[in-house]
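Report on one structure; see the data block that follows.
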Amino acid sequence: MAVMATHVITGAGSGIGGAVARRLHARGDDLVLHARDAGRAKELAAEFPGARTLVGDLADPDRLSWAFSHQSLPDRVDSLLHIAGVVDLGPVGELTPKSWRHQLNVNLVAPAELTRHFLPQLRASRGHVLFVNSGAGLNAHADWSAYAASKHGLKALADSLRHEEHANGVRVTSVYPGRTASPMQAKVHQQEGKEYDPEKWIDPESVATTIVMALDLPRDAEVNDLTVRPGR
């Protein structure tokens with residue numbers, strides 16, 4: 001009997017994370033879903049019967065270790081999927097340190113801290129760390145400085161981790177989606193003062209397909225960087 005894969009997922013509440021969680025849950029894999037608070041954890045547990053939850057605020061990475069010490073962490077982790085993210089647009093001349101810190105903490109420092117926590121399990125399983133980055137992790141445009149900086153940093157984190165853990169059999173993938181129809185995209189359009197039409201952008205299910213493909217790739221290969229652009 002095959003051992004079910006165990007996936008730790010951030011951002012499973014909506015968008016790309018929700019699509020990935022539904023795919024893996026439907027095929028019977030074991031899910032550990034990160035939530036920022038107990039209320040959100042309860043909602044995720046109801047949406048994904050049988051899934052475990054892990055509570056901790058990504059906006060406060062200094063306290064994640066303390067939060068996890070009061071919860072039972074999974075003994076086995078086959079993949080760690082960093083999909084949660086926040087965006088707050090604005091020109092450099094107006095962005096405050098608070099805005100910079102919030103985006104850097106959620107989008108970069110917290111993923112590094114989560115990875116540190118689960119590396120022993122990932123090494124034991126010869127597992128996979130996957131970062132959902134962004135087109136902004138490759139190119140920075142006006143008003144996107146803080147978000148793009150956090151995502152450029154996430155690319156550096158992934159690249160360094162890949163070199164460090166290759167000998168341990170841990171695969172590392174960065175996925176760079178273009179604009180995807182999600183609550184985050186609706187917020188971006190609101191900040192840009194533009195009308196939001198989800199039909200113009202990538203369906204989260206399409207990005208989920210690329211993520212599951214990277215996870216399911218045979219062991220003789222590894223997807224390092226995958227850019228997904230709107231096809232219409």
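All residue names refer to the structure tokens as shown: chains lettered A, B, ... in order, residues numbered from 1 in each chain, ligands numbered from 1 in order.
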With only C-alpha atoms counted and 10 Å as the cut-off, give the residues of region 76-99 of chain A in contact with region 7-13 of chain A, each with its shortest interatomic distance in Å and the pair that gives it, as a Markdown table.
| residue | atom | partner | partner_atom | distance |
| --- | --- | --- | --- | --- |
| A:Arg76 | CA | A:His7 | CA | 8.9 |
| A:Val77 | CA | A:His7 | CA | 6.1 |
| A:Asp78 | CA | A:His7 | CA | 5.9 |
| A:Ser79 | CA | A:His7 | CA | 4.8 |
| A:Leu80 | CA | A:Val8 | CA | 4.8 |
| A:Leu81 | CA | A:Ile9 | CA | 4.8 |
| A:His82 | CA | A:Thr10 | CA | 5.4 |
| A:Ile83 | CA | A:Gly11 | CA | 5.1 |
| A:Ala84 | CA | A:Gly11 | CA | 3.8 |
| A:Gly85 | CA | A:Gly11 | CA | 7.3 |
Enumerate as a PyMOL selection string all residues of region 45-113 of chain A assigned to alpha helix (DSSP H) by DSSP on the backbone, naming them with the chain letters and numbers the document uses.
chain A and resi 45-47+64-69+97-104+110-113
Deliver the residues from the most recent selection as a file, using C-alpha atoms, as an mmCIF file, in the first residue's frame.
data_model
loop_
_atom_site.group_PDB
_atom_site.id
_atom_site.type_symbol
_atom_site.label_atom_id
_atom_site.label_comp_id
_atom_site.auth_asym_id
_atom_site.auth_seq_id
_atom_site.Cartn_x
_atom_site.Cartn_y
_atom_site.Cartn_z
ATOM 1 C CA ALA A 45 -10.902 22.185 8.537
ATOM 2 C CA ALA A 46 -14.582 22.361 7.569
ATOM 3 C CA GLU A 47 -13.752 22.900 3.881
ATOM 4 C CA LEU A 64 6.041 31.404 14.438
ATOM 5 C CA SER A 65 8.486 29.221 16.361
ATOM 6 C CA TRP A 66 6.620 29.919 19.607
ATOM 7 C CA ALA A 67 3.242 29.254 17.950
ATOM 8 C CA PHE A 68 4.389 25.953 16.472
ATOM 9 C CA SER A 69 5.891 24.808 19.783
ATOM 10 C CA PRO A 97 8.313 51.152 6.667
ATOM 11 C CA LYS A 98 5.214 49.406 8.030
ATOM 12 C CA SER A 99 4.079 48.558 4.497
ATOM 13 C CA TRP A 100 7.561 47.378 3.522
ATOM 14 C CA ARG A 101 7.892 45.210 6.634
ATOM 15 C CA HIS A 102 4.442 43.662 6.238
ATOM 16 C CA GLN A 103 5.119 42.532 2.665
ATOM 17 C CA LEU A 104 8.660 41.383 3.398
ATOM 18 C CA ALA A 110 7.885 33.804 6.978
ATOM 19 C CA PRO A 111 8.530 31.371 4.087
ATOM 20 C CA ALA A 112 12.188 31.203 5.144
ATOM 21 C CA GLU A 113 11.159 30.515 8.744
#
Nearest to Gly90 (chain A): which of A:Leu44, A:Ala142, A:Ala167, A:Leu114 is it, counting only C-alpha atoms?
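Of A:Leu44, A:Ala142, A:Ala167, A:Leu114, the one nearest Gly90 (chain A) is A:Ala142, counting only C-alpha atoms.
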List the neighbours of Ala19 (chain A) out to 10 Å using only C-alpha atoms; skip same-chain residues closer than 5 positions along the sequence, and give me the result as number ranges by chain.
A: 12-14, 24-25, 203-209
Output file for the selection above: C-alpha atoms, as an mmCIF file, in the first residue's frame:
data_model
loop_
_atom_site.group_PDB
_atom_site.id
_atom_site.type_symbol
_atom_site.label_atom_id
_atom_site.label_comp_id
_atom_site.auth_asym_id
_atom_site.auth_seq_id
_atom_site.Cartn_x
_atom_site.Cartn_y
_atom_site.Cartn_z
ATOM 1 C CA ALA A 12 -5.122 27.412 1.045
ATOM 2 C CA GLY A 13 -8.081 29.673 1.826
ATOM 3 C CA SER A 14 -8.452 31.154 -1.668
ATOM 4 C CA LEU A 24 -4.468 17.228 -3.517
ATOM 5 C CA HIS A 25 -7.371 16.650 -1.108
ATOM 6 C CA ASP A 203 -7.637 30.772 -13.792
ATOM 7 C CA PRO A 204 -6.120 29.618 -10.448
ATOM 8 C CA GLU A 205 -6.891 26.049 -11.567
ATOM 9 C CA SER A 206 -4.422 26.455 -14.438
ATOM 10 C CA VAL A 207 -1.637 27.488 -12.069
ATOM 11 C CA ALA A 208 -2.609 24.591 -9.779
ATOM 12 C CA THR A 209 -2.110 22.232 -12.742
#
Could you pull the residues within 8 Å of Ala158 (chain A), counting only C-alpha atoms, minus those fewer than 2 positions along the same chain, as JSON, numbers by chain?
{"A": [131, 154, 155, 156, 160, 161, 162, 172, 173, 174]}
Write down as number ranges by chain the residues belonging to region 77-155 of chain A that are assigned strand (DSSP E) by DSSP computed on the backbone.
A: 79-82, 128-132
Considering only C-alpha atoms, can you say which of A:Val212, A:Ala41, A:Val92, A:Val86 comes closest to Arg27 (chain A)?
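Checking each candidate against Arg27 (chain A), we get A:Val212 as the closest.
Interatomic distance, CA of Ala136 (chain A) to CA of Gly193 (chain A): 19.1 Å.
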So that I can check the surroundings of Leu226 (chain A), please list as a PDB file with all heavy atoms, in the first residue's frame every protein, DNA and RNA residue that reaches within 10 Å of it, counting only C-alpha atoms and ignoring chain neighbours fewer than 4 positions away.
ATOM      1  N   VAL A 132       5.365  29.808  -4.654  1.00  0.00           N
ATOM      2  CA  VAL A 132       4.612  30.545  -5.660  1.00  0.00           C
ATOM      3  C   VAL A 132       5.107  31.987  -5.598  1.00  0.00           C
ATOM      4  O   VAL A 132       4.836  32.718  -4.648  1.00  0.00           O
ATOM      5  CB  VAL A 132       3.097  30.462  -5.433  1.00  0.00           C
ATOM      6  CG1 VAL A 132       2.361  31.400  -6.384  1.00  0.00           C
ATOM      7  CG2 VAL A 132       2.627  29.022  -5.672  1.00  0.00           C
ATOM      8  N   ASN A 133       5.893  32.335  -6.580  1.00  0.00           N
ATOM      9  CA  ASN A 133       6.483  33.660  -6.660  1.00  0.00           C
ATOM     10  C   ASN A 133       5.525  34.553  -7.451  1.00  0.00           C
ATOM     11  O   ASN A 133       4.327  34.547  -7.194  1.00  0.00           O
ATOM     12  CB  ASN A 133       7.885  33.558  -7.280  1.00  0.00           C
ATOM     13  CG  ASN A 133       8.763  34.749  -6.999  1.00  0.00           C
ATOM     14  OD1 ASN A 133       8.456  35.879  -7.373  1.00  0.00           O
ATOM     15  ND2 ASN A 133       9.882  34.508  -6.335  1.00  0.00           N
ATOM     16  N   THR A 173      11.313  24.378  -6.238  1.00  0.00           N
ATOM     17  CA  THR A 173      10.700  24.944  -7.434  1.00  0.00           C
ATOM     18  C   THR A 173      10.163  26.344  -7.147  1.00  0.00           C
ATOM     19  O   THR A 173       9.547  26.570  -6.105  1.00  0.00           O
ATOM     20  CB  THR A 173       9.521  24.061  -7.907  1.00  0.00           C
ATOM     21  OG1 THR A 173      10.009  22.761  -8.246  1.00  0.00           O
ATOM     22  CG2 THR A 173       8.820  24.669  -9.113  1.00  0.00           C
ATOM     23  N   SER A 174      10.383  27.265  -8.070  1.00  0.00           N
ATOM     24  CA  SER A 174       9.720  28.575  -8.035  1.00  0.00           C
ATOM     25  C   SER A 174       8.772  28.650  -9.220  1.00  0.00           C
ATOM     26  O   SER A 174       9.166  28.362 -10.354  1.00  0.00           O
ATOM     27  CB  SER A 174      10.735  29.723  -8.136  1.00  0.00           C
ATOM     28  OG  SER A 174      11.485  29.854  -6.945  1.00  0.00           O
ATOM     29  N   VAL A 175       7.525  29.029  -8.948  1.00  0.00           N
ATOM     30  CA  VAL A 175       6.532  29.230 -10.000  1.00  0.00           C
ATOM     31  C   VAL A 175       6.218  30.726 -10.050  1.00  0.00           C
ATOM     32  O   VAL A 175       5.952  31.347  -9.013  1.00  0.00           O
ATOM     33  CB  VAL A 175       5.243  28.424  -9.724  1.00  0.00           C
ATOM     34  CG1 VAL A 175       4.208  28.672 -10.812  1.00  0.00           C
ATOM     35  CG2 VAL A 175       5.563  26.933  -9.629  1.00  0.00           C
ATOM     36  N   TYR A 176       6.279  31.288 -11.252  1.00  0.00           N
ATOM     37  CA  TYR A 176       6.075  32.728 -11.434  1.00  0.00           C
ATOM     38  C   TYR A 176       4.796  32.962 -12.236  1.00  0.00           C
ATOM     39  O   TYR A 176       4.853  33.102 -13.463  1.00  0.00           O
ATOM     40  CB  TYR A 176       7.268  33.351 -12.167  1.00  0.00           C
ATOM     41  CG  TYR A 176       8.597  33.131 -11.498  1.00  0.00           C
ATOM     42  CD1 TYR A 176       9.342  31.986 -11.761  1.00  0.00           C
ATOM     43  CD2 TYR A 176       9.097  34.049 -10.582  1.00  0.00           C
ATOM     44  CE1 TYR A 176      10.563  31.769 -11.138  1.00  0.00           C
ATOM     45  CE2 TYR A 176      10.319  33.851  -9.953  1.00  0.00           C
ATOM     46  CZ  TYR A 176      11.044  32.698 -10.234  1.00  0.00           C
ATOM     47  OH  TYR A 176      12.245  32.480  -9.609  1.00  0.00           O
ATOM     48  N   PRO A 177       3.637  32.998 -11.575  1.00  0.00           N
ATOM     49  CA  PRO A 177       2.402  33.242 -12.331  1.00  0.00           C
ATOM     50  C   PRO A 177       2.286  34.711 -12.717  1.00  0.00           C
ATOM     51  O   PRO A 177       2.683  35.599 -11.965  1.00  0.00           O
ATOM     52  CB  PRO A 177       1.282  32.868 -11.351  1.00  0.00           C
ATOM     53  CG  PRO A 177       1.961  32.303 -10.133  1.00  0.00           C
ATOM     54  CD  PRO A 177       3.364  32.803 -10.156  1.00  0.00           C
ATOM     55  N   THR A 210       0.031  23.378 -13.013  1.00  0.00           N
ATOM     56  CA  THR A 210       1.489  23.430 -13.157  1.00  0.00           C
ATOM     57  C   THR A 210       2.174  23.035 -11.840  1.00  0.00           C
ATOM     58  O   THR A 210       3.221  22.383 -11.857  1.00  0.00           O
ATOM     59  CB  THR A 210       1.970  24.830 -13.601  1.00  0.00           C
ATOM     60  OG1 THR A 210       1.755  25.767 -12.547  1.00  0.00           O
ATOM     61  CG2 THR A 210       1.241  25.294 -14.845  1.00  0.00           C
ATOM     62  N   ILE A 211       1.590  23.415 -10.719  1.00  0.00           N
ATOM     63  CA  ILE A 211       2.178  23.086  -9.417  1.00  0.00           C
ATOM     64  C   ILE A 211       2.127  21.581  -9.163  1.00  0.00           C
ATOM     65  O   ILE A 211       3.126  20.965  -8.757  1.00  0.00           O
ATOM     66  CB  ILE A 211       1.456  23.862  -8.296  1.00  0.00           C
ATOM     67  CG1 ILE A 211       1.793  25.357  -8.397  1.00  0.00           C
ATOM     68  CG2 ILE A 211       1.822  23.312  -6.916  1.00  0.00           C
ATOM     69  CD1 ILE A 211       0.961  26.258  -7.508  1.00  0.00           C
ATOM     70  N   ALA A 214       4.702  19.788 -11.205  1.00  0.00           N
ATOM     71  CA  ALA A 214       6.054  19.864 -10.639  1.00  0.00           C
ATOM     72  C   ALA A 214       6.218  18.882  -9.478  1.00  0.00           C
ATOM     73  O   ALA A 214       7.255  18.225  -9.341  1.00  0.00           O
ATOM     74  CB  ALA A 214       6.346  21.289 -10.175  1.00  0.00           C
TER      75      ALA A 214
END
Find the residues around Gly28 (chain A) up to 12 Å (only C-alpha atoms counted), leave out those fewer than 3 positions away in its own chain, and share them as a compact mmCIF listing (two decimals) with all heavy atoms, in the first residue's frame.
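What ended up in out29.txt:
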# COMPACT_ATOMS: atom_id res chain seq x y z
N ALA A 2 0.62 2.17 -0.93
CA ALA A 2 1.43 3.38 -1.04
C ALA A 2 1.16 4.31 0.14
O ALA A 2 0.03 4.42 0.62
CB ALA A 2 1.12 4.09 -2.35
N VAL A 3 2.22 4.97 0.59
CA VAL A 3 2.08 5.95 1.67
C VAL A 3 1.54 7.24 1.07
O VAL A 3 2.03 7.74 0.06
CB VAL A 3 3.44 6.21 2.35
CG1 VAL A 3 3.31 7.27 3.43
CG2 VAL A 3 4.00 4.92 2.93
N MET A 4 0.48 7.80 1.69
CA MET A 4 -0.07 9.07 1.20
C MET A 4 0.96 10.18 1.42
O MET A 4 1.61 10.23 2.46
CB MET A 4 -1.35 9.42 1.97
CG MET A 4 -2.57 8.65 1.54
SD MET A 4 -4.06 9.37 2.26
CE MET A 4 -3.68 9.33 4.00
N ALA A 5 1.07 11.06 0.42
CA ALA A 5 1.97 12.20 0.56
C ALA A 5 1.34 13.22 1.49
O ALA A 5 0.12 13.40 1.52
CB ALA A 5 2.23 12.82 -0.80
N THR A 6 2.18 13.88 2.29
CA THR A 6 1.73 14.91 3.21
C THR A 6 2.24 16.26 2.72
O THR A 6 3.44 16.44 2.51
CB THR A 6 2.24 14.65 4.64
OG1 THR A 6 1.73 13.39 5.08
CG2 THR A 6 1.77 15.74 5.59
N HIS A 7 1.32 17.20 2.55
CA HIS A 7 1.67 18.53 2.03
C HIS A 7 1.32 19.60 3.07
O HIS A 7 0.20 19.64 3.56
CB HIS A 7 0.88 18.83 0.76
CG HIS A 7 0.93 17.75 -0.28
ND1 HIS A 7 1.99 17.61 -1.15
CD2 HIS A 7 0.05 16.74 -0.56
CE1 HIS A 7 1.76 16.56 -1.95
NE2 HIS A 7 0.60 16.03 -1.61
N ALA A 21 -4.97 22.96 -2.95
CA ALA A 21 -5.45 22.15 -1.83
C ALA A 21 -6.61 21.24 -2.26
O ALA A 21 -6.66 20.06 -1.87
CB ALA A 21 -5.89 23.06 -0.68
N ARG A 22 -7.53 21.75 -3.07
CA ARG A 22 -8.66 20.94 -3.54
C ARG A 22 -8.16 19.76 -4.39
O ARG A 22 -8.66 18.64 -4.25
CB ARG A 22 -9.64 21.80 -4.34
CG ARG A 22 -10.48 22.73 -3.47
CD ARG A 22 -11.61 23.37 -4.26
NE ARG A 22 -11.14 24.26 -5.33
CZ ARG A 22 -10.84 25.54 -5.16
NH1 ARG A 22 -10.93 26.10 -3.95
NH2 ARG A 22 -10.44 26.28 -6.18
N ARG A 23 -7.18 20.01 -5.25
CA ARG A 23 -6.64 18.93 -6.10
C ARG A 23 -6.03 17.82 -5.25
O ARG A 23 -6.29 16.64 -5.46
CB ARG A 23 -5.54 19.48 -7.02
CG ARG A 23 -5.99 20.46 -8.04
CD ARG A 23 -6.57 19.80 -9.30
NE ARG A 23 -6.88 20.85 -10.25
CZ ARG A 23 -6.06 21.23 -11.22
NH1 ARG A 23 -4.91 20.63 -11.40
NH2 ARG A 23 -6.41 22.22 -12.04
N LEU A 24 -5.19 18.22 -4.32
CA LEU A 24 -4.47 17.23 -3.52
C LEU A 24 -5.40 16.51 -2.55
O LEU A 24 -5.25 15.32 -2.29
CB LEU A 24 -3.31 17.91 -2.76
CG LEU A 24 -2.26 18.58 -3.66
CD1 LEU A 24 -1.24 19.33 -2.82
CD2 LEU A 24 -1.56 17.54 -4.55
N HIS A 25 -6.38 17.24 -2.02
CA HIS A 25 -7.37 16.65 -1.11
C HIS A 25 -8.23 15.63 -1.86
O HIS A 25 -8.50 14.54 -1.35
CB HIS A 25 -8.24 17.76 -0.52
CG HIS A 25 -9.20 17.31 0.53
ND1 HIS A 25 -10.54 17.14 0.30
CD2 HIS A 25 -9.00 16.98 1.84
CE1 HIS A 25 -11.13 16.74 1.40
NE2 HIS A 25 -10.22 16.63 2.36
N LEU A 31 -3.23 16.61 4.06
CA LEU A 31 -2.97 18.05 4.04
C LEU A 31 -2.78 18.61 5.44
O LEU A 31 -3.50 18.25 6.37
CB LEU A 31 -4.13 18.80 3.37
CG LEU A 31 -4.53 18.39 1.96
CD1 LEU A 31 -5.61 19.34 1.42
CD2 LEU A 31 -3.33 18.36 1.02
N PHE A 48 -12.02 21.22 4.16
CA PHE A 48 -11.20 20.07 3.76
C PHE A 48 -11.26 19.00 4.85
O PHE A 48 -10.35 18.91 5.68
CB PHE A 48 -9.76 20.50 3.51
CG PHE A 48 -9.59 21.50 2.41
CD1 PHE A 48 -9.50 22.87 2.69
CD2 PHE A 48 -9.54 21.10 1.08
CE1 PHE A 48 -9.35 23.80 1.68
CE2 PHE A 48 -9.40 22.03 0.05
CZ PHE A 48 -9.31 23.37 0.35
N PRO A 49 -12.31 18.20 4.86
CA PRO A 49 -12.47 17.18 5.92
C PRO A 49 -11.26 16.25 5.99
O PRO A 49 -10.77 15.77 4.96
CB PRO A 49 -13.72 16.41 5.48
CG PRO A 49 -14.47 17.36 4.61
CD PRO A 49 -13.44 18.18 3.91
N GLY A 50 -10.77 16.06 7.21
CA GLY A 50 -9.63 15.18 7.40
C GLY A 50 -8.30 15.90 7.40
O GLY A 50 -7.28 15.34 7.83
N ALA A 51 -8.28 17.14 6.91
CA ALA A 51 -7.03 17.90 6.89
C ALA A 51 -6.69 18.40 8.29
O ALA A 51 -7.58 18.67 9.11
CB ALA A 51 -7.15 19.08 5.94
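Taking CA of Glu192 (chain A) as the reference point, CA of His34 (chain A) is found at 29.4 Å.
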Could you work out how far CA of Thr53 (chain A) lies from CA of Asp225 (chain A), giving the answer in Å with one decimal?
28.5 Å
Identify which of the residues A:Leu58, A:Ala26, A:Ala38, A:Ala146 lies closest to Gln71 (chain A), counting only C-alpha atoms when measuring atom-to-atom distances.
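Smallest distance to Gln71 (chain A) is found for A:Ala38.
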Among the residues A:Asp30, A:Asp216, A:Asp159, A:Glu199, the one that comes closest to Arg179 (chain A) [using only C-alpha atoms]
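Of A:Asp30, A:Asp216, A:Asp159, A:Glu199, the one nearest Arg179 (chain A) is A:Glu199, counting only C-alpha atoms.
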